[in-house]
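Pasting target-v3.txt here (compact mmCIF, C-alpha atoms and all ligand atoms):
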# COMPACT_ATOMS: atom_id res chain seq x y z
CA MET A 1 29.92 37.06 39.47
CA VAL A 2 26.36 37.03 38.18
CA ARG A 3 25.02 34.79 35.42
CA ILE A 4 21.58 35.21 33.89
CA GLU A 5 20.43 32.20 31.85
CA HIS A 6 17.42 32.26 29.55
CA LEU A 7 15.48 34.22 32.14
CA SER A 8 11.83 34.95 31.46
CA LYS A 9 9.24 36.48 33.74
CA SER A 10 5.59 37.15 33.02
CA TYR A 11 3.00 38.88 35.14
CA GLY A 12 -0.15 37.23 33.81
CA LYS A 13 -0.18 38.23 30.15
CA VAL A 14 2.58 40.82 30.48
CA ALA A 15 5.95 39.39 29.45
CA ALA A 16 8.33 41.59 31.47
CA LEU A 17 11.46 39.56 30.63
CA LYS A 18 11.94 37.44 27.53
CA ASP A 19 14.70 34.84 27.42
CA VAL A 20 17.46 37.09 28.76
CA THR A 21 21.01 35.67 28.94
CA PHE A 22 24.21 37.47 29.95
CA ASP A 23 26.84 37.42 32.63
CA ALA A 24 28.86 39.97 34.59
CA GLN A 25 32.26 39.37 36.18
CA ASP A 26 33.60 40.74 39.47
CA SER A 27 35.61 43.97 40.00
CA GLN A 28 33.40 46.15 37.87
CA ILE A 29 30.31 48.33 37.79
CA PHE A 30 28.08 46.64 35.26
CA GLY A 31 25.34 48.81 33.79
CA LEU A 32 21.79 47.67 33.22
CA LEU A 33 20.29 50.23 30.93
CA GLY A 34 16.76 50.51 29.61
CA PRO A 35 13.82 52.91 29.40
CA ASN A 36 10.90 52.89 31.86
CA GLY A 37 9.14 49.55 31.82
CA ALA A 38 12.03 47.75 30.10
CA GLY A 39 12.16 45.05 32.75
CA LYS A 40 15.18 46.17 34.80
CA THR A 41 13.47 46.03 38.19
CA THR A 42 11.91 42.67 37.33
CA LEU A 43 15.33 41.30 36.45
CA LEU A 44 16.96 42.61 39.62
CA ARG A 45 14.12 41.48 41.87
CA THR A 46 14.34 38.02 40.33
CA LEU A 47 18.09 37.97 40.91
CA ALA A 48 17.53 39.03 44.53
CA THR A 49 15.14 36.02 44.93
CA LEU A 50 12.20 38.35 45.60
CA LEU A 51 10.37 37.15 42.46
CA ALA A 52 10.29 33.65 41.00
CA PRO A 53 11.23 33.39 37.32
CA THR A 54 8.68 31.98 34.87
CA GLN A 55 11.46 30.25 32.95
CA GLY A 56 15.23 30.06 33.05
CA THR A 57 17.42 30.80 36.02
CA ALA A 58 20.32 32.91 37.31
CA SER A 59 23.18 32.56 39.73
CA VAL A 60 25.02 34.87 42.11
CA ALA A 61 28.58 33.96 43.21
CA GLY A 62 27.93 30.43 41.91
CA PHE A 63 24.64 29.96 43.80
CA ASP A 64 21.49 29.26 41.82
CA ILE A 65 18.50 31.49 42.66
CA ARG A 66 16.12 28.52 42.47
CA LYS A 67 18.23 25.94 44.32
CA ASN A 68 20.10 28.09 46.85
CA PRO A 69 18.08 31.29 47.47
CA GLU A 70 19.42 31.60 51.02
CA GLN A 71 23.05 31.63 49.82
CA VAL A 72 22.13 34.07 47.05
CA ARG A 73 20.72 36.49 49.64
CA ARG A 74 23.91 36.27 51.70
CA ASN A 75 25.93 37.29 48.67
CA ILE A 76 23.93 40.30 47.56
CA GLY A 77 23.00 43.69 48.89
CA VAL A 78 20.23 45.78 47.34
CA VAL A 79 19.62 49.54 47.20
CA ASN A 80 16.43 50.25 45.31
CA GLY A 81 15.51 53.83 46.01
CA GLY A 82 13.01 52.89 48.72
CA MET A 83 14.18 54.03 52.15
CA GLY A 84 11.90 52.17 54.59
CA LEU A 85 13.75 53.12 57.78
CA TYR A 86 12.33 52.73 61.26
CA ASP A 87 12.05 56.34 62.46
CA ARG A 88 12.62 55.52 66.09
CA LEU A 89 15.85 53.56 65.62
CA THR A 90 19.27 55.16 65.43
CA GLY A 91 21.56 54.41 62.50
CA ARG A 92 23.64 52.11 64.69
CA GLU A 93 20.54 50.20 65.82
CA ILE A 94 19.38 49.82 62.23
CA LEU A 95 22.76 48.40 61.20
CA HIS A 96 22.76 45.97 64.13
CA TYR A 97 19.25 44.90 63.27
CA PHE A 98 20.21 44.12 59.66
CA GLY A 99 23.55 42.55 60.61
CA GLY A 100 21.55 40.20 62.83
CA PHE A 101 19.67 38.93 59.76
CA TYR A 102 22.99 37.61 58.50
CA ASP A 103 23.93 36.03 61.85
CA MET A 104 26.66 38.61 62.42
CA LYS A 105 27.78 38.99 66.05
CA ARG A 106 27.77 42.42 67.72
CA PRO A 107 31.57 42.96 67.65
CA GLN A 108 31.65 41.92 64.00
CA ILE A 109 28.91 44.45 63.20
CA GLU A 110 30.74 47.19 65.13
CA GLU A 111 33.93 46.44 63.21
CA ARG A 112 32.04 46.58 59.93
CA ILE A 113 30.45 49.90 60.95
CA ARG A 114 33.97 51.28 61.53
CA VAL A 115 35.02 50.20 58.04
CA LEU A 116 31.88 51.62 56.43
CA ASP A 117 32.30 54.89 58.34
CA GLY A 118 35.57 55.30 56.44
CA PHE A 119 33.72 55.08 53.12
CA LEU A 120 30.39 56.68 53.90
CA ASP A 121 31.17 59.08 56.79
CA LEU A 122 28.46 57.76 59.08
CA LYS A 123 29.31 59.86 62.15
CA GLU A 124 26.35 62.21 61.85
CA VAL A 125 23.87 59.35 61.46
CA LEU A 126 25.01 56.55 63.78
CA ASP A 127 23.65 57.93 67.02
CA ARG A 128 20.69 59.91 65.71
CA ARG A 129 17.24 58.54 65.11
CA ALA A 130 16.26 57.99 61.48
CA GLY A 131 13.18 60.19 61.95
CA GLU A 132 15.54 63.20 62.13
CA TYR A 133 17.52 62.39 58.99
CA SER A 134 17.74 64.46 55.81
CA THR A 135 17.40 62.54 52.51
CA GLY A 136 21.18 62.40 52.12
CA MET A 137 21.57 61.02 55.65
CA LYS A 138 18.91 58.40 54.99
CA GLN A 139 20.73 57.37 51.87
CA LYS A 140 23.92 56.74 53.84
CA ILE A 141 22.20 54.33 56.19
CA VAL A 142 20.32 52.66 53.34
CA VAL A 143 23.62 51.98 51.57
CA ALA A 144 25.43 50.91 54.78
CA ARG A 145 22.53 48.59 55.55
CA ALA A 146 22.73 47.01 52.09
CA VAL A 147 26.43 46.16 52.50
CA ILE A 148 26.60 45.46 56.25
CA HIS A 149 27.35 41.78 55.48
CA ASP A 150 30.02 42.67 52.90
CA PRO A 151 28.20 41.05 49.95
CA LYS A 152 30.06 40.06 46.80
CA VAL A 153 27.41 41.67 44.63
CA LEU A 154 25.79 45.07 45.19
CA ILE A 155 22.62 45.84 43.26
CA LEU A 156 21.55 49.45 42.74
CA ASP A 157 18.18 49.99 41.11
CA GLU A 158 17.66 53.63 40.12
CA ALA A 159 19.40 54.46 43.38
CA THR A 160 20.24 58.10 42.59
CA ASN A 161 16.59 59.05 41.97
CA GLY A 162 15.59 61.99 44.11
CA LEU A 163 19.07 62.70 45.49
CA ASP A 164 20.65 66.14 45.34
CA VAL A 165 24.06 66.62 43.70
CA VAL A 166 26.00 66.13 46.94
CA ALA A 167 24.22 62.93 47.98
CA ARG A 168 24.37 61.64 44.41
CA ARG A 169 28.12 62.24 44.19
CA ALA A 170 28.66 60.53 47.56
CA LEU A 171 26.75 57.49 46.33
CA LEU A 172 28.67 57.30 43.03
CA ASP A 173 31.98 57.58 44.91
CA PHE A 174 30.95 54.78 47.23
CA VAL A 175 29.99 52.59 44.25
CA LYS A 176 33.43 53.16 42.74
CA SER A 177 35.16 52.25 45.99
CA TYR A 178 33.07 49.08 46.20
CA ARG A 179 34.28 48.09 42.75
CA SER A 180 37.87 48.77 43.82
CA SER A 181 37.52 46.18 46.56
CA GLY A 182 36.96 43.52 43.90
CA LYS A 183 33.18 43.41 44.06
CA LEU A 184 30.58 43.42 41.33
CA VAL A 185 28.12 46.31 41.30
CA LEU A 186 25.02 45.89 39.14
CA TYR A 187 23.95 49.40 38.32
CA SER A 188 20.48 49.81 36.87
CA THR A 189 19.47 53.18 35.50
CA HIS A 190 17.93 55.04 32.61
CA VAL A 191 20.44 57.88 33.08
CA MET A 192 22.97 57.51 30.27
CA GLU A 193 25.58 59.84 31.81
CA GLU A 194 25.83 57.61 34.87
CA VAL A 195 26.54 54.58 32.71
CA GLU A 196 29.13 56.57 30.75
CA GLU A 197 30.87 57.60 33.95
CA LEU A 198 30.75 54.31 35.84
CA CYS A 199 30.53 51.31 33.55
CA GLU A 200 32.83 49.52 31.17
CA ASN A 201 30.32 46.81 30.36
CA LEU A 202 26.59 46.89 30.17
CA ALA A 203 23.42 45.11 29.17
CA VAL A 204 20.72 47.05 27.35
CA ILE A 205 17.15 45.84 27.68
CA ASP A 206 13.95 47.12 26.17
CA HIS A 207 10.45 45.60 26.29
CA GLY A 208 11.88 42.67 28.25
CA SER A 209 14.43 41.69 25.59
CA LEU A 210 18.19 41.95 25.70
CA LEU A 211 19.30 44.28 22.91
CA PHE A 212 23.00 44.32 23.70
CA HIS A 213 25.54 42.86 26.08
CA GLY A 214 29.20 43.85 26.00
CA SER A 215 31.50 46.80 26.49
CA LEU A 216 30.41 50.38 26.16
CA GLN A 217 33.14 50.84 23.60
CA ASP A 218 31.84 47.91 21.56
CA LEU A 219 28.30 49.28 21.68
CA LYS A 220 29.47 52.63 20.29
CA PHE A 221 31.60 50.90 17.68
CA ARG A 222 28.82 48.62 16.51
CA THR A 223 26.22 51.35 16.26
CA ARG A 224 28.82 53.83 14.94
CA LYS A 225 27.60 56.34 17.52
CA PRO A 226 30.10 58.10 19.78
CA ARG A 227 27.54 58.97 22.45
CA LEU A 228 25.69 56.37 24.48
CA GLU A 229 22.36 58.11 24.07
CA GLU A 230 22.61 57.96 20.28
CA ALA A 231 23.91 54.39 20.41
CA PHE A 232 20.93 53.41 22.54
CA PHE A 233 18.41 54.90 20.10
CA GLU A 234 20.20 53.24 17.22
CA LEU A 235 19.82 49.86 18.96
CA ALA A 236 16.15 50.45 19.72
CA ARG A 237 15.56 51.57 16.11
CA GLY A 238 17.22 48.39 14.81
CA VAL A 239 14.81 46.32 16.85
CA SER A 240 11.71 48.17 15.72
CA HIS A 241 12.83 47.79 12.08
CA ALA A 242 13.29 44.07 12.58
CA HIS A 243 9.65 43.72 13.72
N1 LIG B 301 3.56 43.42 39.68
C1 LIG B 301 3.35 43.61 38.38
N2 LIG B 301 2.21 43.20 37.80
C2 LIG B 301 2.00 43.37 36.48
N3 LIG B 301 2.88 43.95 35.61
C3 LIG B 301 4.03 44.37 36.14
C4 LIG B 301 4.34 44.23 37.53
N4 LIG B 301 5.58 44.76 37.73
C5 LIG B 301 6.01 45.20 36.54
N5 LIG B 301 5.10 44.97 35.58
C6 LIG B 301 5.23 45.26 34.14
O1 LIG B 301 6.42 44.61 33.68
C7 LIG B 301 7.13 45.44 32.77
C8 LIG B 301 8.56 45.68 33.26
O2 LIG B 301 8.53 46.48 34.43
P1 LIG B 301 9.82 46.81 35.32
O3 LIG B 301 9.36 47.55 36.53
O4 LIG B 301 10.59 45.58 35.52
O5 LIG B 301 10.63 47.77 34.34
P2 LIG B 301 11.79 48.81 34.64
O6 LIG B 301 12.73 48.70 33.51
O7 LIG B 301 12.32 48.61 36.01
O8 LIG B 301 11.05 50.20 34.57
P3 LIG B 301 11.26 51.56 35.43
O9 LIG B 301 12.51 52.19 34.94
O10 LIG B 301 10.04 52.34 35.05
O11 LIG B 301 11.28 51.16 36.87
C9 LIG B 301 6.30 46.71 32.60
O12 LIG B 301 5.47 46.52 31.48
C10 LIG B 301 5.46 46.73 33.88
O13 LIG B 301 4.24 47.39 33.65
Would you mind giving the structure from this file in structure tokens?
Ligand SMILES: Nc1ncnc2c1ncn2[C@@H]1O[C@H](COP(=O)(O)OP(=O)(O)OP(=O)(O)O)[C@@H](O)[C@H]1O
Amino acid sequence: MVRIEHLSKSYGKVAALKDVTFDAQDSQIFGLLGPNGAGKTTLLRTLATLLAPTQGTASVAGFDIRKNPEQVRRNIGVVNGGMGLYDRLTGREILHYFGGFYDMKRPQIEERIRVLDGFLDLKEVLDRRAGEYSTGMKQKIVVARAVIHDPKVLILDEATNGLDVVARRALLDFVKSYRSSGKLVLYSTHVMEEVEELCENLAVIDHGSLLFHGSLQDLKFRTRKPRLEEAFFELARGVSHAH
């Protein structure tokens, strides 16, 4: 489970997050929806302990990002669209390298690779060097790397950007299977169809503020809009009228 409590983050004069509070329970894909510059990446990077909050705090699986950053990192995996693979390493070597960060022993990593192969079909990538991978192959290792330590929370930040339909579908299927194993997936995107397909609950942010937190159904009911895109614009319009 993830809990965000009165979280604010400023970069100098830019207030990227303003007093954001919501929580997300396990066994679901929770959507984080907002236009470019809304503050999604800032929120997720703060949650991943890569950025320090200006005010407020958050917790992952009961561990506070300020007090227990090490435990937070053990409980999350992040896929953020960046690939950053070492060209000369094979997929297997990359996964061993990352497993080592979490103090996993070699047999434990091999066992985990076997499990992940069942979900991600890693055969074509395990014994080839990353320098020879296609984008879809890279994506498989990036995802496997993010969950090598079987984290309770998986964060995806605009993770389908730049993928073709096949690679995109493979990623969405994996995300669904991760949810089925009882985990929480935080799914950040500006693509409304992905939220419609994957998420029951979501948080909508714009200009650093939380506009909505609840179920997709509730959002449509409250805005009286049957489509998420219309519901989103209705929310944003309500805010600009209030100002
Ligand atoms: N390192 C930084 N220094 C200064 N301002 C920043 C920095 N990173 C982000 N910002 C600003 O903070 C705000 C929120 O940005 P953020 O990247 O969190 O939004 P986002 O919702 O992830 O957007 P996108 O969908 O475009 O990635 C924007 O106004 C952005 O310009």
*Show me which residues sit within 10 Å of ligand LIG 301 (chain B) when counting all atoms listed in the file, and put them as a ChimeraX atom specification.*
/A:9-17,32-46,51,80,157-158,188-191,205-208
*Nearest to Lys152 of chain A among A:Arg92, A:Arg106, A:Lys220, A:Arg73, with distances taken over all atoms listed in the file: which residue is it?*
A:Arg73
Non-local contacts of segment 172-175 of chain A (12 Å; all atoms listed in the file; under 2 positions in same chain excluded) as a PDB file with C-alpha atoms, in the coordinates of the input:
ATOM      1  CA  SER A  27      35.610  43.970  40.000  1.00  0.00           C
ATOM      2  CA  GLN A  28      33.400  46.150  37.870  1.00  0.00           C
ATOM      3  CA  ILE A  29      30.310  48.330  37.790  1.00  0.00           C
ATOM      4  CA  PHE A  30      28.080  46.640  35.260  1.00  0.00           C
ATOM      5  CA  VAL A  79      19.620  49.540  47.200  1.00  0.00           C
ATOM      6  CA  LEU A 116      31.880  51.620  56.430  1.00  0.00           C
ATOM      7  CA  ASP A 117      32.300  54.890  58.340  1.00  0.00           C
ATOM      8  CA  GLY A 118      35.570  55.300  56.440  1.00  0.00           C
ATOM      9  CA  PHE A 119      33.720  55.080  53.120  1.00  0.00           C
ATOM     10  CA  LEU A 120      30.390  56.680  53.900  1.00  0.00           C
ATOM     11  CA  ASP A 121      31.170  59.080  56.790  1.00  0.00           C
ATOM     12  CA  GLN A 139      20.730  57.370  51.870  1.00  0.00           C
ATOM     13  CA  LYS A 140      23.920  56.740  53.840  1.00  0.00           C
ATOM     14  CA  VAL A 143      23.620  51.980  51.570  1.00  0.00           C
ATOM     15  CA  ALA A 144      25.430  50.910  54.780  1.00  0.00           C
ATOM     16  CA  VAL A 147      26.430  46.160  52.500  1.00  0.00           C
ATOM     17  CA  VAL A 153      27.410  41.670  44.630  1.00  0.00           C
ATOM     18  CA  LEU A 154      25.790  45.070  45.190  1.00  0.00           C
ATOM     19  CA  ILE A 155      22.620  45.840  43.260  1.00  0.00           C
ATOM     20  CA  LEU A 156      21.550  49.450  42.740  1.00  0.00           C
ATOM     21  CA  GLU A 158      17.660  53.630  40.120  1.00  0.00           C
ATOM     22  CA  ALA A 159      19.400  54.460  43.380  1.00  0.00           C
ATOM     23  CA  THR A 160      20.240  58.100  42.590  1.00  0.00           C
ATOM     24  CA  LEU A 163      19.070  62.700  45.490  1.00  0.00           C
ATOM     25  CA  VAL A 165      24.060  66.620  43.700  1.00  0.00           C
ATOM     26  CA  VAL A 166      26.000  66.130  46.940  1.00  0.00           C
ATOM     27  CA  ALA A 167      24.220  62.930  47.980  1.00  0.00           C
ATOM     28  CA  ARG A 168      24.370  61.640  44.410  1.00  0.00           C
ATOM     29  CA  ARG A 169      28.120  62.240  44.190  1.00  0.00           C
ATOM     30  CA  ALA A 170      28.660  60.530  47.560  1.00  0.00           C
ATOM     31  CA  SER A 177      35.160  52.250  45.990  1.00  0.00           C
ATOM     32  CA  TYR A 178      33.070  49.080  46.200  1.00  0.00           C
ATOM     33  CA  ARG A 179      34.280  48.090  42.750  1.00  0.00           C
ATOM     34  CA  SER A 180      37.870  48.770  43.820  1.00  0.00           C
ATOM     35  CA  SER A 181      37.520  46.180  46.560  1.00  0.00           C
ATOM     36  CA  GLY A 182      36.960  43.520  43.900  1.00  0.00           C
ATOM     37  CA  LYS A 183      33.180  43.410  44.060  1.00  0.00           C
ATOM     38  CA  LEU A 184      30.580  43.420  41.330  1.00  0.00           C
ATOM     39  CA  VAL A 185      28.120  46.310  41.300  1.00  0.00           C
ATOM     40  CA  LEU A 186      25.020  45.890  39.140  1.00  0.00           C
ATOM     41  CA  TYR A 187      23.950  49.400  38.320  1.00  0.00           C
ATOM     42  CA  GLU A 193      25.580  59.840  31.810  1.00  0.00           C
ATOM     43  CA  GLU A 194      25.830  57.610  34.870  1.00  0.00           C
ATOM     44  CA  VAL A 195      26.540  54.580  32.710  1.00  0.00           C
ATOM     45  CA  GLU A 197      30.870  57.600  33.950  1.00  0.00           C
ATOM     46  CA  LEU A 198      30.750  54.310  35.840  1.00  0.00           C
ATOM     47  CA  CYS A 199      30.530  51.310  33.550  1.00  0.00           C
TER      48      CYS A 199
END
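Counting from atom CA of Arg224 of chain A, the distance to atom CA of Phe22 of chain A is 22.7 Å.
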_Residue among A:Val115, A:Lys138, A:His149, A:Ile76 lying closest to Gly99 of chain A, counting all atoms listed in the file_ =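 Answer, going by the shortest atom-to-atom distance: A:His149.
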Identify the residues within 7 Å of coordinate (23.9, 49.0, 59.3) (same frame as the file), considering all atoms listed in the file, and give the answer as a compact mmCIF listing (two decimals) with C-alpha atoms, in the frame of the given file.
# COMPACT_ATOMS: atom_id res chain seq x y z
CA GLY A 91 21.56 54.41 62.50
CA ARG A 92 23.64 52.11 64.69
CA ILE A 94 19.38 49.82 62.23
CA LEU A 95 22.76 48.40 61.20
CA HIS A 96 22.76 45.97 64.13
CA PHE A 98 20.21 44.12 59.66
CA GLY A 99 23.55 42.55 60.61
CA ILE A 113 30.45 49.90 60.95
CA ILE A 141 22.20 54.33 56.19
CA ALA A 144 25.43 50.91 54.78
CA ARG A 145 22.53 48.59 55.55
CA ILE A 148 26.60 45.46 56.25
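Of the listed residues A:Gly31, A:Met137, A:Glu93, A:Arg112, the one whose atoms come nearest to Met192 of chain A is A:Gly31, with distances taken using all atoms listed in the file.
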*Given the choices A:Ala146, A:Ser134, A:Pro69, A:Glu196, which gets closest to Tyr97 of chain A if the distance is worked out from only C-alpha atoms?*
A:Ala146
For segment 15-27 of chain A, where the input has fewer atoms than it should, I would like N, CA and C atoms rebuilt and written as a PDB file, in the coordinates of the input.
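Contents of out22.pdb, as written:
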ATOM      1  N   ALA A  15       4.627  40.024  29.444  1.00  0.00           N
ATOM      2  CA  ALA A  15       5.950  39.390  29.450  1.00  0.00           C
ATOM      3  C   ALA A  15       6.975  40.473  29.777  1.00  0.00           C
ATOM      4  N   ALA A  16       7.420  40.520  31.028  1.00  0.00           N
ATOM      5  CA  ALA A  16       8.330  41.590  31.470  1.00  0.00           C
ATOM      6  C   ALA A  16       9.774  41.278  31.122  1.00  0.00           C
ATOM      7  N   LEU A  17      10.116  39.980  31.039  1.00  0.00           N
ATOM      8  CA  LEU A  17      11.460  39.560  30.630  1.00  0.00           C
ATOM      9  C   LEU A  17      11.326  38.402  29.662  1.00  0.00           C
ATOM     10  N   LYS A  18      12.078  38.480  28.558  1.00  0.00           N
ATOM     11  CA  LYS A  18      11.940  37.440  27.530  1.00  0.00           C
ATOM     12  C   LYS A  18      13.292  36.813  27.213  1.00  0.00           C
ATOM     13  N   ASP A  19      13.539  35.650  27.760  1.00  0.00           N
ATOM     14  CA  ASP A  19      14.700  34.840  27.420  1.00  0.00           C
ATOM     15  C   ASP A  19      16.013  35.643  27.458  1.00  0.00           C
ATOM     16  N   VAL A  20      16.264  36.237  28.610  1.00  0.00           N
ATOM     17  CA  VAL A  20      17.460  37.090  28.760  1.00  0.00           C
ATOM     18  C   VAL A  20      18.647  36.260  29.257  1.00  0.00           C
ATOM     19  N   THR A  21      19.782  36.377  28.550  1.00  0.00           N
ATOM     20  CA  THR A  21      21.010  35.670  28.940  1.00  0.00           C
ATOM     21  C   THR A  21      22.191  36.630  28.865  1.00  0.00           C
ATOM     22  N   PHE A  22      22.917  36.761  29.962  1.00  0.00           N
ATOM     23  CA  PHE A  22      24.210  37.470  29.950  1.00  0.00           C
ATOM     24  C   PHE A  22      24.911  37.196  31.260  1.00  0.00           C
ATOM     25  N   ASP A  23      26.187  37.525  31.336  1.00  0.00           N
ATOM     26  CA  ASP A  23      26.840  37.420  32.630  1.00  0.00           C
ATOM     27  C   ASP A  23      27.705  38.649  32.906  1.00  0.00           C
ATOM     28  N   ALA A  24      28.058  38.810  34.166  1.00  0.00           N
ATOM     29  CA  ALA A  24      28.860  39.970  34.590  1.00  0.00           C
ATOM     30  C   ALA A  24      29.899  39.490  35.603  1.00  0.00           C
ATOM     31  N   GLN A  25      31.156  39.807  35.324  1.00  0.00           N
ATOM     32  CA  GLN A  25      32.260  39.370  36.180  1.00  0.00           C
ATOM     33  C   GLN A  25      32.486  40.351  37.336  1.00  0.00           C
ATOM     34  N   ASP A  26      33.305  39.913  38.296  1.00  0.00           N
ATOM     35  CA  ASP A  26      33.600  40.740  39.470  1.00  0.00           C
ATOM     36  C   ASP A  26      34.466  41.957  39.119  1.00  0.00           C
ATOM     37  N   SER A  27      34.744  42.789  40.115  1.00  0.00           N
ATOM     38  CA  SER A  27      35.610  43.970  40.000  1.00  0.00           C
ATOM     39  C   SER A  27      35.158  44.943  38.915  1.00  0.00           C
TER      40      SER A  27
END
